[in-house]
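J.: Below is a structure I'd like to ask you about.
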Amino acid sequence: MNTELKTAEKNVQEIIDSLGKLKQEIHKTIVGQEEIIDQLLITFLAGGHGLLEGVPGLAKTLMIRSLSEAIDLKFKRIQFTPDLMPTDIIGTEILEEDHGTGKRVFKFNKGPIFANIILADEINRTSPKTQSALLEAMQEFEVTYGGITYPLDRPFFILATQNPIEQAGTFPLPEAQLDRFLLYIKVNYPTAEEERAILAGTTGRKGAGIERVMEGHKILEAQKYVREVHINAELIGWVSDLVRATRPKETTVKYVRDWVRWGAGPRAGQAMILTAKARALLSGRLAVTQEDIRHVAYPVLRHRILTNFKAEAEGITSDDVTTHLLETIGIG
């Protein structure tokens, strides 16, 4: 085995060990929610953005804050409210006087978007105009103000939380912005055992604080290795078949034609493969399995399959469509 390969294997093992420590630190404040934490870490490893949805009180914000405290990166929280403006996120120009020349010049005052980890808290409580201020940053990793483009530091992640859209005072995110989120993560109520542990752990003496166990450059290194995780042609073909089967005008699956208005685009296939690779690495493997794809299919397709009015009336969700496709679309 050559030296370069040995070094790569050592680096991968160090990353896997760091991810294990990262989960341990998060669990100092979060009880249970193993799948949710894994999906957050998959989002990080794949270099994308995550949207967490759940009713108030399920520790969505605490989970993201705990994750940010365990990584040595700049963190900013933006509380989305109905009166929040795009300039409150991106920044604005202010008039300053040059004490040397006496001239007044405009200087760009950077907003909270200029950090590494952004918590966009209750993102669907603000107007679509303000929501759209995040689009360029999420896709291009830069923002433009006054005709000047400002690059964002890498790594850069937006982790947004939202309350279910049925709740009062919410604005559903437009499809174009939803598609920018790599994973749409549903946060459910804890189990009875977990809830008892939460009640016992949060009403007594405060526990140990979270330690920083991972640096930003290690995240970037991990993202590089994620893309080198192997996936065979057969599994790539299966991903393509799954995504194409979500489109009512192309599919041969009657279930989809009956319940789906719009299907997923190519970005869904890219997201599924990339997150499956990230899950494999998180599990200590360097090759994608069928189970990896099954695991990530739900949060990848959840916001990219739009059901029709008939489905909504019958209580058919995009997760139901994904389940049906996984059961009916075979490999090969």
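Following the order of the structure tokens, first chain is A, next is B, and so on, with residues numbered from 1 inside each chain and ligands from 1 in the order they appear.
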Would you mind listing what lies within 6 Å of Ala287 of chain A as a PyMOL selection string, with only C-alpha atoms counted and same-chain residues fewer than 6 positions away left out?
T.: chain A and resi 229-231
J.: I need the chosen residues saved as a compact mmCIF listing (two decimals), in the first residue's frame, with C-alpha atoms.
T.:
# COMPACT_ATOMS: atom_id res chain seq x y z
CA VAL A 229 -17.15 7.49 -1.73
CA HIS A 230 -17.93 4.79 -4.31
CA ILE A 231 -21.39 4.20 -5.77
J.: Which residues are close to Gly48 of chain A, i.e. within 9 Å by only C-alpha atoms, leaving aside same-chain residues fewer than 6 positions away? Reply as a ChimeraX atom specification.
T.: /A:42,138,156-158,180-183,271
J.: Which distance in Å separates atom CA of Met85 of chain A and atom CA of Arg304 of chain A, to one decimal?
T.: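 Here the two named atoms are 27.1 Å from each other.
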J.: List every residue of segment 7-210 of chain A that DSSP, applied to the backbone, labels as helix (DSSP H, G or I), and write the result as a PyMOL selection string.
T.: chain A and resi 7-26+34-46+60-69+86-90+123-125+128-140+175-178+192-202
J.: Dump C-alpha atoms for the selected residues as a PDB file, in the first residue's frame?
T.:
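Just written: result.pdb:
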ATOM      1  CA  THR A   7      -2.532   8.938   4.503  1.00  0.00           C
ATOM      2  CA  ALA A   8      -5.981   9.110   2.915  1.00  0.00           C
ATOM      3  CA  GLU A   9      -7.220   6.166   5.011  1.00  0.00           C
ATOM      4  CA  LYS A  10      -5.838   7.783   8.167  1.00  0.00           C
ATOM      5  CA  ASN A  11      -7.549  11.093   7.345  1.00  0.00           C
ATOM      6  CA  VAL A  12     -10.864   9.357   6.668  1.00  0.00           C
ATOM      7  CA  GLN A  13     -10.647   7.490   9.984  1.00  0.00           C
ATOM      8  CA  GLU A  14      -9.895  10.752  11.812  1.00  0.00           C
ATOM      9  CA  ILE A  15     -12.964  12.343  10.223  1.00  0.00           C
ATOM     10  CA  ILE A  16     -15.155   9.380  11.179  1.00  0.00           C
ATOM     11  CA  ASP A  17     -13.858   9.565  14.766  1.00  0.00           C
ATOM     12  CA  SER A  18     -14.488  13.346  14.884  1.00  0.00           C
ATOM     13  CA  LEU A  19     -18.064  12.828  13.691  1.00  0.00           C
ATOM     14  CA  GLY A  20     -18.606  10.308  16.480  1.00  0.00           C
ATOM     15  CA  LYS A  21     -17.346  12.835  19.044  1.00  0.00           C
ATOM     16  CA  LEU A  22     -19.575  15.480  17.468  1.00  0.00           C
ATOM     17  CA  LYS A  23     -22.651  13.324  18.055  1.00  0.00           C
ATOM     18  CA  GLN A  24     -21.591  12.736  21.655  1.00  0.00           C
ATOM     19  CA  GLU A  25     -21.363  16.478  22.284  1.00  0.00           C
ATOM     20  CA  ILE A  26     -24.802  17.107  20.761  1.00  0.00           C
ATOM     21  CA  GLU A  34     -30.664   9.884  16.517  1.00  0.00           C
ATOM     22  CA  GLU A  35     -32.083   9.951  13.001  1.00  0.00           C
ATOM     23  CA  ILE A  36     -32.515  13.741  13.043  1.00  0.00           C
ATOM     24  CA  ILE A  37     -28.950  14.305  14.229  1.00  0.00           C
ATOM     25  CA  ASP A  38     -27.647  11.920  11.571  1.00  0.00           C
ATOM     26  CA  GLN A  39     -29.538  13.837   8.896  1.00  0.00           C
ATOM     27  CA  LEU A  40     -28.073  17.122  10.135  1.00  0.00           C
ATOM     28  CA  LEU A  41     -24.564  15.674   9.938  1.00  0.00           C
ATOM     29  CA  ILE A  42     -25.306  14.256   6.483  1.00  0.00           C
ATOM     30  CA  THR A  43     -26.323  17.762   5.414  1.00  0.00           C
ATOM     31  CA  PHE A  44     -22.995  19.103   6.678  1.00  0.00           C
ATOM     32  CA  LEU A  45     -20.952  16.362   5.030  1.00  0.00           C
ATOM     33  CA  ALA A  46     -22.726  16.833   1.701  1.00  0.00           C
ATOM     34  CA  LYS A  60     -35.080  22.196  16.801  1.00  0.00           C
ATOM     35  CA  THR A  61     -33.258  25.421  17.649  1.00  0.00           C
ATOM     36  CA  LEU A  62     -31.351  23.841  20.553  1.00  0.00           C
ATOM     37  CA  MET A  63     -30.222  20.992  18.309  1.00  0.00           C
ATOM     38  CA  ILE A  64     -28.744  23.361  15.720  1.00  0.00           C
ATOM     39  CA  ARG A  65     -27.168  25.583  18.377  1.00  0.00           C
ATOM     40  CA  SER A  66     -25.597  22.537  20.067  1.00  0.00           C
ATOM     41  CA  LEU A  67     -24.164  21.424  16.736  1.00  0.00           C
ATOM     42  CA  SER A  68     -22.700  24.872  16.095  1.00  0.00           C
ATOM     43  CA  GLU A  69     -21.119  24.979  19.569  1.00  0.00           C
ATOM     44  CA  PRO A  86     -33.809  41.537   3.306  1.00  0.00           C
ATOM     45  CA  THR A  87     -31.244  44.124   4.464  1.00  0.00           C
ATOM     46  CA  ASP A  88     -31.541  42.721   8.009  1.00  0.00           C
ATOM     47  CA  ILE A  89     -30.066  39.497   6.591  1.00  0.00           C
ATOM     48  CA  ILE A  90     -27.654  40.630   3.881  1.00  0.00           C
ATOM     49  CA  ILE A 123     -38.120  30.937   8.443  1.00  0.00           C
ATOM     50  CA  ASN A 124     -41.766  30.665   7.391  1.00  0.00           C
ATOM     51  CA  ARG A 125     -42.844  33.463   9.745  1.00  0.00           C
ATOM     52  CA  PRO A 128     -41.676  35.645   0.712  1.00  0.00           C
ATOM     53  CA  LYS A 129     -39.691  38.778  -0.222  1.00  0.00           C
ATOM     54  CA  THR A 130     -37.436  38.335   2.788  1.00  0.00           C
ATOM     55  CA  GLN A 131     -37.286  34.559   2.375  1.00  0.00           C
ATOM     56  CA  SER A 132     -35.978  35.049  -1.168  1.00  0.00           C
ATOM     57  CA  ALA A 133     -33.029  37.076   0.171  1.00  0.00           C
ATOM     58  CA  LEU A 134     -31.414  33.747   1.030  1.00  0.00           C
ATOM     59  CA  LEU A 135     -31.650  32.254  -2.477  1.00  0.00           C
ATOM     60  CA  GLU A 136     -28.372  33.558  -3.918  1.00  0.00           C
ATOM     61  CA  ALA A 137     -26.452  32.734  -0.746  1.00  0.00           C
ATOM     62  CA  MET A 138     -27.804  29.174  -0.667  1.00  0.00           C
ATOM     63  CA  GLN A 139     -27.025  28.381  -4.290  1.00  0.00           C
ATOM     64  CA  GLU A 140     -24.007  30.518  -5.210  1.00  0.00           C
ATOM     65  CA  GLU A 175     -40.936  25.800  -4.388  1.00  0.00           C
ATOM     66  CA  ALA A 176     -37.786  27.435  -5.825  1.00  0.00           C
ATOM     67  CA  GLN A 177     -36.433  28.051  -2.339  1.00  0.00           C
ATOM     68  CA  LEU A 178     -37.512  24.684  -0.957  1.00  0.00           C
ATOM     69  CA  ALA A 192     -42.283   8.130  26.119  1.00  0.00           C
ATOM     70  CA  GLU A 193     -38.893   6.989  27.416  1.00  0.00           C
ATOM     71  CA  GLU A 194     -37.090   9.920  25.758  1.00  0.00           C
ATOM     72  CA  GLU A 195     -39.626  12.392  27.115  1.00  0.00           C
ATOM     73  CA  ARG A 196     -39.100  11.152  30.671  1.00  0.00           C
ATOM     74  CA  ALA A 197     -35.341  11.566  30.195  1.00  0.00           C
ATOM     75  CA  ILE A 198     -35.876  15.100  28.858  1.00  0.00           C
ATOM     76  CA  LEU A 199     -38.031  16.052  31.838  1.00  0.00           C
ATOM     77  CA  ALA A 200     -35.501  14.642  34.304  1.00  0.00           C
ATOM     78  CA  GLY A 201     -32.466  16.137  32.564  1.00  0.00           C
ATOM     79  CA  THR A 202     -33.761  19.657  31.986  1.00  0.00           C
TER      80      THR A 202
END
J.: Choose the residue, out of A:Val288, A:Val321, A:Ile305, A:Ile113, that has the smallest atom-to-atom separation from Thr275 of chain A; count only C-alpha atoms.
T.: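 Closest to Thr275 of chain A of all the choices is A:Val288.
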J.: Would you please extract all strand (DSSP E) residues from segment 113-308 of chain A, as assigned by DSSP on the backbone, and give them as JSON, numbers by chain?
T.: {"A": [117, 118, 119, 120, 121, 142, 143, 144, 145, 148, 149, 150, 151, 157, 158, 159, 160, 161, 162, 183, 184, 185, 186, 214, 215, 260, 261, 262, 306, 307]}
J.: With C-alpha atoms retained, export the selected residues as a PDB file, in the first residue's frame.
T.:
ATOM      1  CA  ILE A 117     -23.443  28.403  10.196  1.00  0.00           C
ATOM      2  CA  ILE A 118     -26.699  30.331   9.928  1.00  0.00           C
ATOM      3  CA  LEU A 119     -29.704  29.389  12.024  1.00  0.00           C
ATOM      4  CA  ALA A 120     -32.716  30.757  10.147  1.00  0.00           C
ATOM      5  CA  ASP A 121     -35.197  30.348  12.980  1.00  0.00           C
ATOM      6  CA  GLU A 142     -22.279  34.742  -2.361  1.00  0.00           C
ATOM      7  CA  VAL A 143     -24.531  37.779  -2.004  1.00  0.00           C
ATOM      8  CA  THR A 144     -24.943  40.858  -4.192  1.00  0.00           C
ATOM      9  CA  TYR A 145     -25.692  44.336  -2.900  1.00  0.00           C
ATOM     10  CA  ILE A 148     -21.192  44.349  -5.960  1.00  0.00           C
ATOM     11  CA  THR A 149     -20.841  40.631  -5.235  1.00  0.00           C
ATOM     12  CA  TYR A 150     -19.479  39.534  -1.855  1.00  0.00           C
ATOM     13  CA  PRO A 151     -18.290  35.912  -1.450  1.00  0.00           C
ATOM     14  CA  PHE A 157     -24.522  26.183   5.938  1.00  0.00           C
ATOM     15  CA  ILE A 158     -28.042  27.457   6.394  1.00  0.00           C
ATOM     16  CA  LEU A 159     -30.047  25.377   8.835  1.00  0.00           C
ATOM     17  CA  ALA A 160     -33.619  26.640   8.905  1.00  0.00           C
ATOM     18  CA  THR A 161     -36.489  25.740  11.194  1.00  0.00           C
ATOM     19  CA  GLN A 162     -40.155  26.141  10.424  1.00  0.00           C
ATOM     20  CA  LEU A 183     -32.811  17.772   3.060  1.00  0.00           C
ATOM     21  CA  TYR A 184     -36.262  18.484   4.476  1.00  0.00           C
ATOM     22  CA  ILE A 185     -36.127  16.979   7.965  1.00  0.00           C
ATOM     23  CA  LYS A 186     -39.280  16.212   9.948  1.00  0.00           C
ATOM     24  CA  MET A 214     -14.197  19.716  15.095  1.00  0.00           C
ATOM     25  CA  GLU A 215     -12.692  22.566  13.077  1.00  0.00           C
ATOM     26  CA  VAL A 260     -48.781  13.843  -7.839  1.00  0.00           C
ATOM     27  CA  ARG A 261     -48.989  17.297  -9.443  1.00  0.00           C
ATOM     28  CA  TRP A 262     -45.259  17.919  -9.969  1.00  0.00           C
ATOM     29  CA  LEU A 306     -45.858  18.140  -4.922  1.00  0.00           C
ATOM     30  CA  THR A 307     -49.066  16.225  -4.401  1.00  0.00           C
TER      31      THR A 307
END
J.: I'd like the contact shell of Thr317 of chain A - 12 Å cut-off, only C-alpha atoms, skipping same-chain residues fewer than 2 positions apart - returned as a PyMOL selection string.
T.: chain A and resi 255-256+259-261+298+301-315+319-324
J.: For each of A:Ser283, A:Thr170, A:Thr81, A:Asn188, take the minimum atom-to-atom distance to Val226 of chain A, counting only C-alpha atoms, then give the residue where this is smallest.
T.: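 With only C-alpha atoms as the atom set, the closest residue is A:Ser283.
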J.: Give the answer as one residue: which of A:Arg294, A:Arg212, A:Arg247, A:Lys107 has the shortest atom-to-atom distance to Gly91 of chain A, using only C-alpha atoms?
T.: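 For Gly91 of chain A, the nearest of the candidates is A:Lys107.
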J.: What is the atom CA of Ser127 of chain A to atom CA of Gly147 of chain A distance in Å?
T.: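 Separation of atom CA of Ser127 of chain A and atom CA of Gly147 of chain A: 23.6 Å.
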J.: Please report the interatomic distance between atom CA of Ala278 of chain A and atom CA of Ile293 of chain A in Å with one decimal.
T.: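 Atom CA of Ala278 of chain A sits 10.6 Å away from atom CA of Ile293 of chain A.
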J.: Which one of A:Gly111, A:Gly237, A:Gly57, A:Pro155 sits closest to Ile71 of chain A if you count only C-alpha atoms?
T.: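 Closest to Ile71 of chain A of all the choices is A:Pro155.
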J.: Between A:Leu274, A:Val31, A:Ile316, A:Leu84, which one has atoms that come closest to Gln223 of chain A, using only C-alpha atoms?
T.: A:Leu274
J.: Nearest to Lys28 of chain A: which of A:Leu326, A:Ala70, A:Leu152, A:Val239 is it, counting only C-alpha atoms?
T.: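 Ranking A:Leu326, A:Ala70, A:Leu152, A:Val239 by distance to Lys28 of chain A, first place goes to A:Ala70.
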